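File shown: model-v3.cif (mmCIF, C-alpha atoms).
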```cif
data_entry
loop_
_atom_site.label_atom_id
_atom_site.label_comp_id
_atom_site.auth_asym_id
_atom_site.auth_seq_id
_atom_site.Cartn_x
_atom_site.Cartn_y
_atom_site.Cartn_z
CA MET A 3 -28.10 -62.32 25.64
CA GLU A 4 -26.25 -64.22 22.95
CA GLN A 5 -28.27 -63.31 19.92
CA LEU A 6 -29.62 -59.97 18.84
CA LYS A 7 -33.08 -60.13 17.30
CA VAL A 8 -32.74 -57.63 14.52
CA SER A 9 -35.72 -56.41 12.47
CA VAL A 10 -34.57 -54.72 9.29
CA TRP A 11 -36.67 -52.73 6.84
CA ARG A 12 -36.59 -54.35 3.39
CA GLY A 13 -38.00 -52.84 0.24
CA GLU A 14 -38.84 -49.28 -0.69
CA ASP A 15 -41.47 -46.97 0.83
CA ALA A 16 -43.83 -49.92 0.70
CA GLY A 17 -41.95 -52.76 2.31
CA GLY A 18 -41.76 -54.75 5.48
CA PHE A 19 -39.47 -56.01 8.20
CA ALA A 20 -37.23 -59.04 7.88
CA ARG A 21 -35.90 -60.78 11.02
CA TYR A 22 -32.23 -61.73 11.45
CA ASP A 23 -30.41 -63.25 14.40
CA VAL A 24 -27.01 -61.69 14.86
CA PRO A 25 -24.44 -62.83 17.45
CA ALA A 26 -24.11 -60.28 20.26
CA ARG A 27 -20.60 -59.12 21.13
CA ASP A 28 -19.15 -57.06 23.97
CA ASN A 29 -18.16 -54.23 21.71
CA GLN A 30 -20.38 -53.82 18.70
CA THR A 31 -21.84 -50.87 16.88
CA VAL A 32 -25.17 -50.87 15.09
CA LEU A 33 -23.24 -50.53 11.82
CA ASP A 34 -21.32 -53.70 12.72
CA VAL A 35 -24.66 -55.49 13.06
CA VAL A 36 -25.84 -54.30 9.65
CA THR A 37 -22.52 -55.27 8.07
CA HIS A 38 -22.74 -58.72 9.66
CA ILE A 39 -26.19 -59.21 8.16
CA GLN A 40 -25.03 -58.15 4.70
CA ARG A 41 -21.83 -60.18 4.72
CA GLU A 42 -22.97 -63.34 6.49
CA LEU A 43 -26.73 -63.60 6.18
CA ASP A 44 -28.16 -61.69 3.24
CA PRO A 45 -25.90 -60.06 0.63
CA SER A 46 -28.88 -58.34 -1.01
CA LEU A 47 -29.28 -55.87 1.91
CA ALA A 48 -28.75 -52.25 0.81
CA TYR A 49 -27.27 -49.71 3.23
CA ARG A 50 -24.81 -46.86 3.13
CA PHE A 51 -21.59 -46.15 4.99
CA ALA A 52 -18.12 -44.84 4.27
CA CYS A 53 -15.74 -43.73 7.02
CA ARG A 54 -16.98 -45.79 10.05
CA VAL A 55 -15.53 -43.18 12.44
CA GLY A 56 -18.20 -40.46 12.60
CA MET A 57 -16.83 -38.10 10.00
CA CYS A 58 -18.70 -38.64 6.76
CA GLY A 59 -22.35 -38.63 7.79
CA SER A 60 -23.35 -41.53 5.52
CA CYS A 61 -24.56 -44.22 7.88
CA ALA A 62 -27.49 -42.60 9.71
CA MET A 63 -30.56 -44.81 10.17
CA THR A 64 -33.56 -45.06 12.43
CA VAL A 65 -32.55 -47.32 15.32
CA ASN A 66 -35.38 -48.40 17.60
CA GLY A 67 -37.44 -45.43 16.47
CA ARG A 68 -34.73 -42.79 16.75
CA ALA A 69 -32.41 -41.37 14.10
CA ARG A 70 -28.75 -42.06 14.92
CA TRP A 71 -25.32 -42.33 13.31
CA THR A 72 -24.92 -46.09 13.38
CA CYS A 73 -21.11 -46.22 13.21
CA ARG A 74 -20.79 -44.49 16.58
CA THR A 75 -23.80 -46.07 18.27
CA HIS A 76 -22.99 -48.97 20.56
CA VAL A 77 -25.58 -51.72 20.45
CA ARG A 78 -25.61 -52.09 24.24
CA LYS A 79 -26.69 -48.46 24.61
CA VAL A 80 -29.79 -48.81 22.44
CA VAL A 81 -30.80 -52.47 22.51
CA GLY A 82 -33.94 -53.55 24.37
CA ALA A 83 -33.79 -55.98 27.32
CA ASP A 84 -34.84 -58.81 25.03
CA GLY A 85 -32.07 -58.11 22.52
CA ALA A 86 -34.45 -56.47 20.03
CA LEU A 87 -33.13 -54.01 17.51
CA GLU A 88 -35.33 -52.37 14.88
CA LEU A 89 -33.62 -50.73 11.93
CA ARG A 90 -35.33 -48.48 9.41
CA PRO A 91 -34.07 -45.96 6.87
CA LEU A 92 -34.10 -42.29 7.94
CA ALA A 93 -37.57 -40.75 8.24
CA ASN A 94 -38.79 -37.73 6.22
CA LEU A 95 -36.89 -38.88 3.13
CA PRO A 96 -37.75 -41.14 0.19
CA VAL A 97 -36.43 -44.68 0.53
CA ILE A 98 -34.13 -45.94 -2.21
CA ARG A 99 -34.09 -49.50 -0.91
CA ASP A 100 -33.85 -51.20 2.49
CA LEU A 101 -31.81 -48.96 4.83
CA ALA A 102 -30.66 -46.47 2.21
CA ALA A 103 -32.66 -43.23 2.18
CA ASP A 104 -32.47 -40.80 -0.71
CA LEU A 105 -30.75 -37.66 0.61
CA ALA A 106 -31.29 -35.61 -2.56
CA PRO A 107 -34.16 -33.51 -1.09
CA PHE A 108 -32.04 -32.85 1.99
CA PHE A 109 -29.08 -31.48 0.01
CA ASP A 110 -31.33 -29.65 -2.47
CA LYS A 111 -32.59 -27.65 0.51
CA TRP A 112 -29.04 -26.70 1.52
CA GLN A 113 -28.78 -25.14 -1.93
CA ARG A 114 -32.15 -23.42 -1.58
CA ALA A 115 -31.10 -22.00 1.80
CA GLN A 116 -27.96 -20.65 0.06
CA GLY A 117 -25.87 -22.84 2.34
CA PHE A 118 -22.69 -22.22 0.39
CA PHE A 119 -19.96 -19.62 0.81
CA GLN A 120 -20.03 -16.71 -1.63
CA PRO A 121 -16.85 -14.65 -1.26
CA LYS A 122 -17.51 -10.95 -0.73
CA ASP A 123 -14.26 -9.56 -2.02
CA ALA A 124 -13.90 -11.64 -5.11
CA PRO A 125 -17.19 -12.42 -6.83
CA ASP A 126 -15.29 -13.38 -9.97
CA GLY A 127 -13.27 -15.96 -8.07
CA ALA A 128 -10.13 -13.82 -7.87
CA VAL A 129 -8.00 -13.99 -4.75
CA PRO A 130 -8.77 -10.97 -2.54
CA ASP A 131 -5.92 -8.55 -1.91
CA GLU A 132 -6.25 -8.63 1.84
CA PHE A 133 -7.07 -11.39 4.28
CA ALA A 134 -10.22 -10.82 6.28
CA VAL A 135 -9.35 -10.29 9.91
CA VAL A 136 -11.77 -12.23 12.11
CA ALA A 137 -11.24 -11.99 15.85
CA PRO A 138 -11.57 -15.52 17.31
CA GLY A 139 -13.50 -14.21 20.31
CA SER A 140 -15.96 -12.06 18.35
CA LYS A 141 -19.65 -12.90 18.72
CA ALA A 142 -20.11 -13.65 15.01
CA ARG A 143 -17.09 -15.96 14.97
CA ARG A 144 -18.36 -17.86 18.00
CA GLU A 145 -21.85 -18.21 16.48
CA ALA A 146 -20.32 -19.58 13.27
CA ASP A 147 -17.99 -21.90 15.20
CA ALA A 148 -20.91 -23.44 17.06
CA GLY A 149 -22.48 -24.78 13.88
CA ILE A 150 -19.57 -25.35 11.55
CA GLU A 151 -18.86 -29.02 12.39
CA CYS A 152 -21.99 -30.38 10.72
CA ILE A 153 -21.28 -33.60 8.80
CA GLY A 154 -24.57 -33.60 6.87
CA CYS A 155 -25.86 -36.88 8.27
CA ALA A 156 -29.53 -35.74 8.15
CA VAL A 157 -30.28 -37.06 11.64
CA CYS A 158 -31.76 -33.65 12.54
CA TYR A 159 -33.80 -33.57 9.35
CA ALA A 160 -35.24 -37.02 10.03
CA SER A 161 -36.05 -36.01 13.63
CA CYS A 162 -37.85 -32.76 12.76
CA ASP A 163 -41.65 -32.63 13.10
CA VAL A 164 -41.90 -29.49 10.98
CA VAL A 165 -40.26 -31.31 8.05
CA ALA A 166 -42.86 -34.06 8.46
CA TRP A 167 -45.70 -31.48 8.41
CA ASN A 168 -44.39 -29.27 5.61
CA GLY A 169 -42.48 -30.87 2.76
CA ASP A 170 -41.10 -27.48 1.71
CA TYR A 171 -39.50 -26.71 5.06
CA LEU A 172 -35.74 -26.30 4.64
CA GLY A 173 -34.93 -28.22 7.81
CA PRO A 174 -32.47 -27.78 10.68
CA ALA A 175 -29.21 -28.61 8.88
CA ALA A 176 -29.71 -26.21 5.97
CA LEU A 177 -30.79 -23.41 8.30
CA ASN A 178 -27.86 -24.09 10.62
CA ARG A 179 -25.49 -23.82 7.67
CA ALA A 180 -27.15 -20.58 6.58
CA TRP A 181 -26.65 -19.16 10.09
CA THR A 182 -22.93 -19.97 10.08
CA LEU A 183 -22.63 -18.04 6.78
CA VAL A 184 -24.75 -15.11 7.98
CA ASN A 185 -22.09 -14.77 10.69
CA ASP A 186 -19.19 -15.04 8.25
CA ALA A 187 -17.65 -11.59 7.69
CA ARG A 188 -16.11 -12.76 4.40
CA ASP A 189 -19.43 -13.80 2.86
CA GLY A 190 -21.07 -11.47 0.36
CA ALA A 191 -24.55 -12.99 0.08
CA ARG A 192 -26.00 -12.14 3.51
CA GLY A 193 -29.10 -10.42 2.12
CA GLU A 194 -30.01 -13.09 -0.41
CA ARG A 195 -29.44 -15.76 2.19
CA LEU A 196 -31.65 -14.09 4.81
CA ASP A 197 -34.35 -13.76 2.14
CA ALA A 198 -33.97 -17.43 1.24
CA VAL A 199 -34.47 -18.61 4.82
CA ALA A 200 -37.49 -16.39 5.63
CA GLY A 201 -41.13 -17.46 5.64
CA ASP A 202 -43.06 -20.69 6.09
CA ALA A 203 -40.51 -22.83 4.26
CA GLY A 204 -37.74 -21.29 6.35
CA CYS A 205 -36.89 -20.41 9.91
CA HIS A 206 -40.29 -18.91 10.76
CA SER A 207 -41.96 -22.33 10.81
CA CYS A 208 -39.66 -23.73 13.52
CA HIS A 209 -41.47 -24.56 16.77
CA SER A 210 -38.23 -24.68 18.76
CA THR A 211 -39.04 -28.15 20.08
CA ARG A 212 -35.33 -28.87 19.74
CA SER A 213 -35.41 -32.50 18.55
CA CYS A 214 -32.64 -31.55 16.12
CA THR A 215 -30.46 -30.24 18.93
CA GLU A 216 -31.15 -33.24 21.15
CA ARG A 217 -30.33 -35.78 18.46
CA CYS A 218 -27.44 -34.14 16.62
CA PRO A 219 -24.54 -36.58 17.00
CA LYS A 220 -22.08 -33.67 16.76
CA GLN A 221 -23.78 -31.76 19.61
CA ILE A 222 -24.61 -28.88 17.30
CA ASP A 223 -27.60 -26.69 18.20
CA PRO A 224 -29.55 -26.11 14.95
CA SER A 225 -32.53 -24.95 16.99
CA GLY A 226 -30.40 -22.14 18.44
CA ALA A 227 -29.14 -21.29 14.95
CA ILE A 228 -32.72 -21.04 13.68
CA ALA A 229 -33.57 -18.76 16.62
CA GLY A 230 -30.60 -16.62 15.58
CA LEU A 231 -31.99 -16.34 12.05
CA LYS A 232 -35.41 -15.40 13.41
CA ARG A 233 -33.88 -12.76 15.66
CA THR A 234 -31.82 -11.27 12.85
CA LEU A 235 -34.77 -11.17 10.46
CA PHE A 236 -37.04 -9.74 13.18
CA TRP A 237 -34.85 -6.73 13.88
CA GLU A 238 -33.96 -6.16 10.27
CA SER A 239 -37.59 -6.22 9.13
CA LEU A 240 -38.61 -4.01 12.06
CA LEU A 241 -35.83 -1.45 11.74
CA GLY A 242 -35.45 -1.84 7.99
CA GLY A 243 -31.87 -2.91 8.50
CA LYS A 244 -29.53 -3.01 5.57
CA ARG A 245 -29.59 -6.61 4.44
CA HIS A 246 -28.03 -6.26 1.05
CA GLY A 247 -24.48 -5.19 0.40
CA MET B 28 -34.76 -13.45 -4.65
CA ALA B 29 -37.17 -13.43 -1.79
CA ASP B 30 -40.59 -13.89 -3.24
CA ARG B 31 -43.34 -11.74 -1.89
CA ALA B 32 -45.11 -14.70 -0.36
CA ALA B 33 -42.13 -15.54 1.84
CA ARG B 34 -41.80 -11.93 2.91
CA GLY B 35 -45.50 -11.79 3.74
CA GLN B 36 -45.16 -14.97 5.84
CA ALA B 37 -42.24 -13.44 7.70
CA HIS B 38 -44.33 -10.34 8.38
CA LEU B 39 -47.16 -12.47 9.75
CA TRP B 40 -44.61 -14.04 12.09
CA VAL B 41 -43.45 -10.60 13.23
CA VAL B 42 -47.05 -9.50 13.82
CA GLN B 43 -47.72 -12.62 15.86
CA ARG B 44 -44.67 -12.03 18.07
CA ILE B 45 -45.43 -8.35 18.63
CA THR B 46 -49.10 -9.04 19.41
CA ALA B 47 -47.93 -11.73 21.85
CA MET B 48 -45.88 -9.11 23.69
CA ILE B 49 -48.86 -6.75 23.80
CA LEU B 50 -51.15 -9.55 25.00
CA ALA B 51 -48.74 -10.54 27.78
CA LEU B 52 -49.14 -7.08 29.29
CA ALA B 53 -52.78 -6.54 28.32
CA VAL B 54 -53.97 -9.83 29.83
CA LEU B 55 -52.19 -8.92 33.06
CA VAL B 56 -53.91 -5.52 33.23
CA HIS B 57 -57.20 -7.17 32.27
CA LEU B 58 -56.96 -9.79 35.06
CA ILE B 59 -56.00 -7.24 37.70
CA THR B 60 -58.93 -5.08 36.60
CA ILE B 61 -61.31 -8.04 36.86
CA ILE B 62 -60.15 -8.85 40.39
CA THR B 63 -60.41 -5.22 41.44
CA ALA B 64 -63.81 -4.85 39.80
CA VAL B 65 -65.24 -7.95 41.47
CA ARG B 66 -64.09 -6.69 44.89
CA GLY B 67 -65.89 -3.42 44.23
CA GLY B 68 -69.19 -5.28 43.76
CA LEU B 69 -69.41 -6.00 40.06
CA SER B 70 -72.18 -3.97 38.42
CA ALA B 71 -72.86 -2.39 35.04
CA ARG B 72 -72.90 1.04 36.62
CA GLU B 73 -69.51 0.53 38.19
CA ILE B 74 -67.98 -0.71 34.91
CA LEU B 75 -69.42 2.16 32.91
CA ALA B 76 -68.24 4.65 35.52
CA ARG B 77 -64.73 3.43 34.84
CA THR B 78 -64.84 3.25 31.07
CA GLN B 79 -67.28 5.93 29.87
CA GLY B 80 -65.44 8.91 28.47
CA SER B 81 -62.07 7.43 29.34
CA GLU B 82 -59.73 7.58 26.35
CA VAL B 83 -57.12 5.55 28.20
CA TRP B 84 -59.44 2.54 28.64
CA LEU B 85 -60.71 2.93 25.07
CA LEU B 86 -57.18 2.91 23.71
CA PHE B 87 -56.26 -0.03 25.93
CA TYR B 88 -59.19 -2.18 24.80
CA VAL B 89 -58.85 -1.24 21.13
CA LEU B 90 -55.21 -2.32 21.23
CA PHE B 91 -56.13 -5.43 23.24
CA ALA B 92 -58.85 -6.45 20.76
CA LEU B 93 -56.62 -5.82 17.77
CA ALA B 94 -53.77 -7.85 19.24
CA ALA B 95 -56.05 -10.71 20.28
CA GLY B 96 -57.81 -10.88 16.89
CA LEU B 97 -54.62 -10.89 14.85
CA HIS B 98 -52.68 -13.17 17.19
CA GLY B 99 -55.43 -15.79 17.27
CA ALA B 100 -56.01 -15.78 13.51
CA ILE B 101 -52.31 -16.16 12.70
CA GLY B 102 -52.09 -19.02 15.20
CA LEU B 103 -55.07 -20.75 13.60
CA ARG B 104 -53.46 -20.24 10.19
CA ASN B 105 -50.35 -22.08 11.35
CA ILE B 106 -52.34 -24.92 12.86
CA ALA B 107 -54.43 -25.27 9.68
CA ALA B 108 -51.29 -25.30 7.52
CA GLU B 109 -49.50 -27.90 9.59
CA THR B 110 -52.33 -30.26 10.47
CA LEU B 111 -54.74 -29.86 7.52
CA GLY B 112 -52.33 -28.73 4.81
CA TRP B 113 -54.35 -25.53 4.18
CA ARG B 114 -51.78 -23.25 2.58
CA GLY B 115 -51.62 -20.39 0.10
CA ARG B 116 -51.77 -16.63 -0.19
CA GLY B 117 -55.53 -16.60 -0.71
CA LEU B 118 -56.05 -18.41 2.57
CA ASP B 119 -53.59 -16.06 4.28
CA PHE B 120 -55.79 -13.12 3.35
CA CYS B 121 -58.84 -15.01 4.63
CA TRP B 122 -57.12 -15.55 7.99
CA LEU B 123 -56.07 -11.91 8.11
CA GLY B 124 -59.65 -10.88 7.34
CA LEU B 125 -60.95 -13.20 10.06
CA GLY B 126 -58.49 -11.71 12.54
CA LEU B 127 -59.50 -8.16 11.70
CA LEU B 128 -63.19 -9.10 11.87
CA THR B 129 -62.70 -10.61 15.34
CA ALA B 130 -60.82 -7.48 16.34
CA ALA B 131 -63.64 -5.30 14.94
CA PHE B 132 -66.16 -7.01 17.25
CA GLY B 133 -63.92 -6.30 20.23
CA ILE B 134 -63.33 -2.70 19.16
CA ARG B 135 -67.08 -2.18 18.72
CA ALA B 136 -67.62 -3.42 22.27
CA ALA B 137 -64.89 -1.08 23.54
CA PHE B 138 -66.63 1.84 21.85
CA GLY B 139 -69.89 0.75 23.44
CA LEU B 140 -68.26 1.08 26.87
CA TYR B 141 -66.70 4.43 25.98
CA ALA B 142 -69.63 6.21 24.38
#
```
Let me see whether you can do it: turn the structure in this file into structure tokens.
Amino acid sequence: MEQLKVSVWRGEDAGGFARYDVPARDNQTVLDVVTHIQRELDPSLAYRFACRVGMCGSCAMTVNGRARWTCRTHVRKVVGADGALELRPLANLPVIRDLAADLAPFFDKWQRAQGFFQPKDAPDGAVPDEFAVVAPGSKARREADAGIECIGCAVCYASCDVVAWNGDYLGPAALNRAWTLVNDARDGARGERLDAVAGDAGCHSCHSTRSCTERCPKQIDPSGAIAGLKRTLFWESLLGGKRHG
Amino acid sequence: MADRAARGQAHLWVVQRITAMILALAVLVHLITIITAVRGGLSAREILARTQGSEVWLLFYVLFALAAGLHGAIGLRNIAAETLGWRGRGLDFCWLGLGLLTAAFGIRAAFGLYA
């Protein structure tokens, strides 16, 4: 196989595939292929990347039907026997142009899920008098640790059927972030956050089919995080647990 | 800032999970009873002998019918929302009403066997 036959989505939501032949190399990532096309074959191709080492979460695309981070995806692991590679922008998001999806709805939902730290001790932004003591082996700390490395690439969001069925659904990444904060002893917005992630737009719509967990490039388990939210809300609504304060 | 709709949806979820737990046990009891009843030579007289005047069987089947009605209706609600896009509080009350109606038929039958 000397040439890769690369089909690349061109245009916006209504668009079509363009075909490019790209020289195959021994060591080559999918992002390398896209960069080759833009630099050598067609400078008008739009795509997004930044760090190239799996830290920034910018370069995710649909590669042969599956959402992946392209900078850490070797071509030889995903290419068909005939050298075919099909590249689309991420699913479940509006397309800006070509391979660049608009991630605004994805990050808006992080906000809606209250996926941001709200310090308990210092609501006015003052430095608290005491440090919070969090035992590294405590259950809450381990739950938070499991989800904290998310890079916001939206691979899980693009892979989620529930997002495709319900445009309001917050999605795996936002709910995973909410779960890390629910387990953060220093956070003061537990009640509001649990309210924000309840209901059909939140954790209760998840079918636990675990596509998010299977496809997360950082091996995070958003499906498990969502189950944690469901469990917490279940017991607190049943026993009338104290959510606020 | 939880709106009431979201809280109601979460409650529907809780009801569906609890009814699922009830159904898991109730279906088991129901199946064992069927097998036992068939071995005893299934007849109306034999069934009525078991259920007439028995508060335990009445309570069991009332709970069973209630759980089945609610569980099924909430499940249909979710399918309708996800595949047909039927959403909204008004529809939720319709589904709840449908579930209770289905349960009422079952409860009426249970009373028929008790009385």
Selection in question (the file shown): the PyMOL selection byres ((chain A and resi 27-37) around 9). Which residues does it include, as a PyMOL selection string? chain A and resi 4-6+8+10+24-26+38-42+47+49+51+54+61+65+71-78+80+87+89
Could you expand the PyMOL selection byres ((chain A) within 9 of (chain B)) into the explicit residues it covers here, written as a PyMOL selection string? chain A and resi 164+167-168+194-204+206-207+235-236+239-240
Leaving out range 137-142 of chain B and any residue of its chain fewer than 4 positions from it, which residues lie within 12 Å of it when counting only C-alpha atoms, given as a ChimeraX atom specification? /B:71-93,130-133
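For the choices A:Lys111, A:Arg99, A:Lys79, A:Lys141, the atom-to-atom distance to Asn178 in chain A is smallest for A:Lys111 when using only C-alpha atoms.
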Proximity check range 87-127 of chain A to range 185-189 of chain A, 12 Å, nearest pairs one decimal Å, only C-alpha atoms, as CSV:
```
residue,atom,partner,partner_atom,distance
A:Gln116,CA,A:Asp189,CA,11.3
A:Gly117,CA,A:Asp189,CA,11.1
A:Phe118,CA,A:Asp189,CA,9.4
A:Phe119,CA,A:Asp189,CA,6.2
A:Gln120,CA,A:Asp189,CA,5.4
A:Pro121,CA,A:Asp189,CA,4.9
A:Lys122,CA,A:Asp189,CA,5.0
A:Asp123,CA,A:Arg188,CA,7.4
A:Ala124,CA,A:Arg188,CA,9.8
A:Pro125,CA,A:Asp189,CA,10.0
```
C-alpha atoms of the current selection, written as an mmCIF file, in the coordinates of the input:
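Output file again-v4.cif follows:
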```
data_model
loop_
_atom_site.group_PDB
_atom_site.id
_atom_site.type_symbol
_atom_site.label_atom_id
_atom_site.label_comp_id
_atom_site.auth_asym_id
_atom_site.auth_seq_id
_atom_site.Cartn_x
_atom_site.Cartn_y
_atom_site.Cartn_z
ATOM 1 C CA GLN A 116 -27.960 -20.650 0.060
ATOM 2 C CA GLY A 117 -25.870 -22.840 2.340
ATOM 3 C CA PHE A 118 -22.690 -22.220 0.390
ATOM 4 C CA PHE A 119 -19.960 -19.620 0.810
ATOM 5 C CA GLN A 120 -20.030 -16.710 -1.630
ATOM 6 C CA PRO A 121 -16.850 -14.650 -1.260
ATOM 7 C CA LYS A 122 -17.510 -10.950 -0.730
ATOM 8 C CA ASP A 123 -14.260 -9.560 -2.020
ATOM 9 C CA ALA A 124 -13.900 -11.640 -5.110
ATOM 10 C CA PRO A 125 -17.190 -12.420 -6.830
#
```
Non-local contacts of Gly226 in chain A (10 Å; only C-alpha atoms; under 3 positions in same chain excluded) as a PDB file with C-alpha atoms, in the frame of the given file:
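New file selection09.pdb:
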```pdb
ATOM      1  CA  GLU A 145     -21.850 -18.210  16.480  1.00  0.00           C
ATOM      2  CA  ALA A 148     -20.910 -23.440  17.060  1.00  0.00           C
ATOM      3  CA  GLY A 149     -22.480 -24.780  13.880  1.00  0.00           C
ATOM      4  CA  PRO A 174     -32.470 -27.780  10.680  1.00  0.00           C
ATOM      5  CA  ASN A 178     -27.860 -24.090  10.620  1.00  0.00           C
ATOM      6  CA  TRP A 181     -26.650 -19.160  10.090  1.00  0.00           C
ATOM      7  CA  SER A 210     -38.230 -24.680  18.760  1.00  0.00           C
ATOM      8  CA  ARG A 212     -35.330 -28.870  19.740  1.00  0.00           C
ATOM      9  CA  CYS A 214     -32.640 -31.550  16.120  1.00  0.00           C
ATOM     10  CA  THR A 215     -30.460 -30.240  18.930  1.00  0.00           C
ATOM     11  CA  ILE A 222     -24.610 -28.880  17.300  1.00  0.00           C
ATOM     12  CA  ASP A 223     -27.600 -26.690  18.200  1.00  0.00           C
ATOM     13  CA  ALA A 229     -33.570 -18.760  16.620  1.00  0.00           C
ATOM     14  CA  GLY A 230     -30.600 -16.620  15.580  1.00  0.00           C
ATOM     15  CA  LEU A 231     -31.990 -16.340  12.050  1.00  0.00           C
ATOM     16  CA  LYS A 232     -35.410 -15.400  13.410  1.00  0.00           C
TER      17      LYS A 232
END
```
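Taking CA of Asp119 in chain B and CA of Arg104 in chain B as the two end points, the separation is 7.2 Å.
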Centre, x/y/z edge lengths, axis-aligned box for range 86-97 of chain B with 6 Å per side, as lines of an AutoDock Vina configuration file:
```
center_x = -56.5
center_y = -4.0
center_z = 20.4
size_x = 17.4
size_y = 25.8
size_z = 23.1
```
Step by step: start from the point (-33.7, -42.5, -1.9) in the file's coordinates, keep every protein, DNA or RNA residue that has an atom no farther than 10 Å from it, count only C-alpha atoms, and write the set as a PyMOL selection string. chain A and resi 14-15+91-92+95-107
So the first atom is CA of Gly85 in chain A and the second is CA of Asn66 in chain A; what is the distance between them in Å, to one decimal place? 11.4 Å
Around the point (-39.6, -39.4, 8.2) in the file's coordinates, collect all residues with an atom within 8 Å, using only C-alpha atoms, and return them as a short mmCIF file (atom, residue, chain, number, x, y, z; two decimals) with C-alpha atoms, in the frame of the given file.
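Dumped everything to result_37.cif:
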```cif
data_model
loop_
_atom_site.label_atom_id
_atom_site.label_comp_id
_atom_site.auth_asym_id
_atom_site.auth_seq_id
_atom_site.Cartn_x
_atom_site.Cartn_y
_atom_site.Cartn_z
CA LEU A 92 -34.10 -42.29 7.94
CA ALA A 93 -37.57 -40.75 8.24
CA ASN A 94 -38.79 -37.73 6.22
CA LEU A 95 -36.89 -38.88 3.13
CA ALA A 160 -35.24 -37.02 10.03
CA SER A 161 -36.05 -36.01 13.63
CA ALA A 166 -42.86 -34.06 8.46
#
```
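In this structure, CA of Gly17 in chain A sits 27.6 Å away from CA of Cys58 in chain A.
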Please provide as a PyMOL selection string all residues within 12 Å of Thr46 in chain B, with the sequence filter that same-chain residues fewer than 2 positions apart are discarded (counting only C-alpha atoms). chain B and resi 39-44+48-54+90-102+126
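In terms of minimum interatomic distance to Ser60 in chain A, A:Ala156 ranks closest within A:Ala86, A:Cys208, A:Ala156, A:Ala191, counting all atoms listed in the file.
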